[in-house]
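All remarks here apply to the structure that follows.
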Amino acid sequence: VARLRPRESFLLSSTAGGAGGVWGLLALAAGVVNAACLLGAVGGSATGGSHVTGSSTKLGMALAGARGGGLPTLGVLAYFAGAAAGGAALPSGAFDRANLPRYGRVLVSCAALLVAASAANVLGVAAWPMLGGLAPLLLAAASCGLQNALATTATTCVVRPTHMTGVTTDLGILAGRALSRVARRMPEALTEFEQGRFRVLTVLYSGFVLGCAG
């Protein structure tokens with residue numbers, strides 16, 4: 001029997017055991033947070049909490065003289081800080097049940113950051129307008145960075161629940177690969193590993209979109 005690589009082993013075991021739903025829930029939560037940030041419900045400014053590409057675009061535009069790059073830049077730095085905290089707290093390598101307590105502590109930290117963001121949003125706006133506009137977004141962005149670091153580390157870069165560009169790219173690649181094989185009348189459109197990857201990515205994308213809709 002061929003030995004599976006960590007990424008293949010994770011996908012086959014997670015989809016068979018239903019763990020894909022866990023990543024879908026994380027994507028759902030990320031969608032809720034990012035939509036709230038973009039709608040201005042967090043901190044009162046329409047800046048994405050996990051939308052690093054868009055915020056980095058605004059940063060580049062600000063370097064060229066455009067206005068409005070300050071808060072998105074701070075958001076990117078907060079996201080980076082959250083990811084860095086995850087890198088420091090989490091072991092490298094594939095998912096390991098022995099590390100479940102460490103994964104759990106990181107998830108609790110993500111939740112704590114969101115609770116702090118909500119509290120700062122409610123209390124800070126009235127008491128300290130500057131704090132109320134800045135702290136909630138930075139805390140939410142840090143939570144997104146920490147959550148994405150957890151998923152990326154535990155799944156060896158298979159799952160990234162806070163942004164959908166890579167997910168959509170991977171789905172497109174798999175769809176094109178399947179169509180090509182069908183056109184060439186190959187025995188299977190997707191391998192077992194690719195089918196598992198497609199299912200996990202579909203759950204991620206659906207969860208994120210539903211979170212934004214909620």
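All residue names refer to the structure tokens as shown: chains lettered A, B, ... in order, residues numbered from 1 in each chain, ligands numbered from 1 in order.
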(message) I'd like the neighbourhood of Ser56 (chain A) as a list in words, where a residue qualifies if any of its atoms comes within 9 Å (using only C-alpha atoms), though same-chain residues fewer than 4 positions away should be ignored.
(response) His51, Val52, Gly60, Met61, Gly69, Pro72, Thr73 and Val76 of chain A
(request) Just the alpha helix (DSSP H) stuff from chain A, please, per backbone DSSP, written as a PyMOL selection string. (result) chain A and resi 6-17+20-38+52-63+70-89+100-127+129-154+165-183+192-213
(message) Using Å and a single decimal, report how far CA of Phe208 (chain A) sits from CA of Ala189 (chain A).
(response)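 Between these atoms lies a distance of 26.6 Å.
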(request) Return the single residue from A:Leu138, A:Val122, A:Leu90, A:Ala78 that is closest to Thr155 (chain A), with distances computed using only C-alpha atoms. (result)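 For Thr155 (chain A), the nearest of the given residues is A:Leu90.
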Select from region 70-175 of chain A every residue with an atom at most 9 Å from any atom of region 18-34 of chain A, then for each give the shortest pair of atoms and their distance in Å to one decimal, using only C-alpha atoms, rows by chain and rising number, as a Markdown table.
| residue | atom | partner | partner_atom | distance |
| --- | --- | --- | --- | --- |
| A:Leu114 | CA | A:Val33 | CA | 8.6 |
| A:Ala140 | CA | A:Val33 | CA | 7.1 |
| A:Ala141 | CA | A:Asn34 | CA | 8.5 |
| A:Cys144 | CA | A:Ala30 | CA | 6.7 |
| A:Gln147 | CA | A:Leu26 | CA | 7.9 |
| A:Asn148 | CA | A:Leu26 | CA | 9.0 |
| A:Ala151 | CA | A:Trp23 | CA | 7.7 |
| A:Val159 | CA | A:Trp23 | CA | 7.4 |
| A:Arg160 | CA | A:Ala27 | CA | 8.1 |
| A:Pro161 | CA | A:Ala27 | CA | 4.4 |
| A:Thr162 | CA | A:Ala30 | CA | 5.2 |
| A:His163 | CA | A:Ala30 | CA | 8.2 |
